[in-house]
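Undergrad: Sharing a structure, written as structure tokens. Questions coming.
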Amino acid sequence: GLRAQRRTGLSVQMAQLGLQWEFMSRRYAQVVVNIGRTLEEWQFSSDPDDYAKGVGLILGIDTPIGPAEFIAHADDDDFFTYLNIGYKF
């Protein structure tokens, strides 16, 4: 969904929903949907247009050096893909 640290502010409002399915031994797919916004001061809004939205698809396999994942994400502004190999630090 939304790229980490893409938006900045003193207050963060975010919700995320994800589903992971292991379709073969050590191989999995994830779907993630999120919505959020950043503000300088906490202020709740029920208007969906005030929030950035994103969706992501991850295909991965567990390896001896950590997961190898192909990741595709889309948000309000872009679509991007990348490959992650090994554990995230």
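By convention in this document, the chains of the structure tokens carry letters A, B, ... by their order, each chain's residues are numbered from 1, and ligands are numbered from 1 in the order they are shown.
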Any idea what's packed within 12 Å of A:Ser46, counting only C-alpha atoms, ignoring anything in its chain fewer than 3 positions away? Could you give it as a ChimeraX atom specification?
TA: /A:13,36,43,49-51
Undergrad: Do a neighbour search on stretch 64-81 of chain A at 9 Å with only C-alpha atoms, toss out local chain neighbours closer than 4 positions, and write the hits as an MDAnalysis selection string.
TA: chainID A and resid 1:3 32 52:60 85:88
Undergrad: Those same residues - N, CA and C atoms - I'd like them written as an mmCIF file, in the first residue's frame.
TA:
data_model
loop_
_atom_site.group_PDB
_atom_site.id
_atom_site.type_symbol
_atom_site.label_atom_id
_atom_site.label_comp_id
_atom_site.auth_asym_id
_atom_site.auth_seq_id
_atom_site.Cartn_x
_atom_site.Cartn_y
_atom_site.Cartn_z
ATOM 1 N N GLY A 1 0.801 -1.188 0.000
ATOM 2 C CA GLY A 1 0.000 0.000 0.000
ATOM 3 C C GLY A 1 0.846 1.253 0.000
ATOM 4 N N LEU A 2 0.748 2.010 1.040
ATOM 5 C CA LEU A 2 1.489 3.265 1.133
ATOM 6 C C LEU A 2 2.949 2.971 1.444
ATOM 7 N N ARG A 3 3.828 3.662 0.793
ATOM 8 C CA ARG A 3 5.265 3.479 0.999
ATOM 9 C C ARG A 3 5.649 4.046 2.367
ATOM 10 N N VAL A 32 -2.346 -6.556 0.918
ATOM 11 C CA VAL A 32 -2.408 -5.554 1.977
ATOM 12 C C VAL A 32 -3.150 -4.328 1.450
ATOM 13 N N ALA A 52 -4.969 9.162 2.400
ATOM 14 C CA ALA A 52 -4.282 8.492 1.292
ATOM 15 C C ALA A 52 -4.599 7.007 1.379
ATOM 16 N N LYS A 53 -4.757 6.371 0.232
ATOM 17 C CA LYS A 53 -5.108 4.954 0.193
ATOM 18 C C LYS A 53 -4.053 4.203 -0.598
ATOM 19 N N GLY A 54 -3.848 2.923 -0.231
ATOM 20 C CA GLY A 54 -2.875 2.109 -0.943
ATOM 21 C C GLY A 54 -3.245 0.637 -0.907
ATOM 22 N N VAL A 55 -2.689 -0.102 -1.849
ATOM 23 C CA VAL A 55 -2.890 -1.547 -1.918
ATOM 24 C C VAL A 55 -1.576 -2.174 -2.361
ATOM 25 N N GLY A 56 -1.306 -3.388 -1.861
ATOM 26 C CA GLY A 56 -0.062 -4.056 -2.222
ATOM 27 C C GLY A 56 -0.246 -5.555 -2.391
ATOM 28 N N LEU A 57 0.599 -6.144 -3.206
ATOM 29 C CA LEU A 57 0.634 -7.586 -3.421
ATOM 30 C C LEU A 57 2.074 -8.035 -3.234
ATOM 31 N N ILE A 58 2.268 -9.066 -2.423
ATOM 32 C CA ILE A 58 3.594 -9.598 -2.141
ATOM 33 C C ILE A 58 3.588 -11.084 -2.454
ATOM 34 N N LEU A 59 4.561 -11.523 -3.249
ATOM 35 C CA LEU A 59 4.776 -12.941 -3.514
ATOM 36 C C LEU A 59 6.136 -13.284 -2.929
ATOM 37 N N GLY A 60 6.171 -14.303 -2.060
ATOM 38 C CA GLY A 60 7.426 -14.581 -1.381
ATOM 39 C C GLY A 60 7.708 -16.056 -1.207
ATOM 40 N N ILE A 85 15.351 -9.236 -0.666
ATOM 41 C CA ILE A 85 15.972 -10.527 -0.352
ATOM 42 C C ILE A 85 16.633 -10.411 1.010
ATOM 43 N N GLY A 86 16.282 -11.295 1.922
ATOM 44 C CA GLY A 86 16.838 -11.294 3.273
ATOM 45 C C GLY A 86 15.915 -10.594 4.255
ATOM 46 N N TYR A 87 16.321 -10.619 5.505
ATOM 47 C CA TYR A 87 15.514 -10.048 6.574
ATOM 48 C C TYR A 87 15.605 -8.521 6.553
ATOM 49 N N LYS A 88 14.523 -7.871 6.967
ATOM 50 C CA LYS A 88 14.489 -6.405 7.049
ATOM 51 C C LYS A 88 15.065 -5.981 8.399
#
Undergrad: Quote the spacing between atom CA of A:Phe44 and atom CA of A:Leu17 in Å to one decimal place.
TA: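 Answer for the atom CA of A:Phe44 to atom CA of A:Leu17 separation: 19.7 Å.
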Undergrad: Would you mind telling me which residue in A:Met24, A:Val33, A:Leu39, A:Leu10 lies nearest to A:Ile61 when using only C-alpha atoms?
TA: A:Met24
Undergrad: For a test of reading the model, state the distance in Å between atom CA of A:Gln20 and atom CA of A:Ile35, rounded to one decimal.
TA: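 Distance between the two atoms: 18.5 Å.
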Undergrad: Mind giving me the straight-line distance from atom CA of A:Ala15 to atom CA of A:Pro48 in Å, one decimal?
TA: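 Separation of atom CA of A:Ala15 and atom CA of A:Pro48: 12.4 Å.
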Undergrad: Using only C-alpha atoms for the distances, tell me which of A:Glu41, A:Asp62, A:Asp47, A:Tyr82 is nearest to A:Ala29.
TA: A:Asp62
Undergrad: Please determine, counting only C-alpha atoms, which residue among A:Phe89, A:Thr63, A:Ser45, A:Asn84 has the shortest atom-to-atom distance to A:Ser25.
TA: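 Selected residue with least distance to A:Ser25: A:Thr63.
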Undergrad: Near A:Glu40, counting only C-alpha atoms, which residues have an atom at most 10 Å away, once you skip same-chain residues fewer than 6 positions from it, shown as an MDAnalysis selection string?
TA: chainID A and resid 8:12
Undergrad: Would you mind exporting the chosen residues as an mmCIF file, in the first residue's frame, restricted to all heavy atoms?
TA:
data_model
loop_
_atom_site.group_PDB
_atom_site.id
_atom_site.type_symbol
_atom_site.label_atom_id
_atom_site.label_comp_id
_atom_site.auth_asym_id
_atom_site.auth_seq_id
_atom_site.Cartn_x
_atom_site.Cartn_y
_atom_site.Cartn_z
ATOM 1 N N THR A 8 5.037 12.815 6.078
ATOM 2 C CA THR A 8 5.587 13.176 7.379
ATOM 3 C C THR A 8 4.612 14.064 8.141
ATOM 4 O O THR A 8 3.781 14.742 7.552
ATOM 5 C CB THR A 8 6.925 13.912 7.236
ATOM 6 O OG1 THR A 8 6.700 15.117 6.492
ATOM 7 C CG2 THR A 8 7.949 13.053 6.542
ATOM 8 N N GLY A 9 4.738 14.062 9.457
ATOM 9 C CA GLY A 9 3.923 14.886 10.325
ATOM 10 C C GLY A 9 4.087 14.423 11.759
ATOM 11 O O GLY A 9 4.615 13.339 12.022
ATOM 12 N N LEU A 10 3.626 15.233 12.690
ATOM 13 C CA LEU A 10 3.745 14.877 14.100
ATOM 14 C C LEU A 10 2.698 13.856 14.537
ATOM 15 O O LEU A 10 2.908 13.131 15.495
ATOM 16 C CB LEU A 10 3.638 16.136 14.962
ATOM 17 C CG LEU A 10 4.752 17.163 14.753
ATOM 18 C CD1 LEU A 10 4.475 18.419 15.565
ATOM 19 C CD2 LEU A 10 6.093 16.569 15.106
ATOM 20 N N SER A 11 1.562 13.801 13.852
ATOM 21 C CA SER A 11 0.498 12.852 14.176
ATOM 22 C C SER A 11 0.227 11.959 12.975
ATOM 23 O O SER A 11 0.198 12.427 11.843
ATOM 24 C CB SER A 11 -0.797 13.585 14.542
ATOM 25 O OG SER A 11 -0.616 14.375 15.689
ATOM 26 N N VAL A 12 0.034 10.674 13.234
ATOM 27 C CA VAL A 12 -0.235 9.709 12.174
ATOM 28 C C VAL A 12 -1.532 8.987 12.487
ATOM 29 O O VAL A 12 -1.750 8.556 13.616
ATOM 30 C CB VAL A 12 0.908 8.670 12.062
ATOM 31 C CG1 VAL A 12 0.574 7.610 11.030
ATOM 32 C CG2 VAL A 12 2.216 9.346 11.739
#
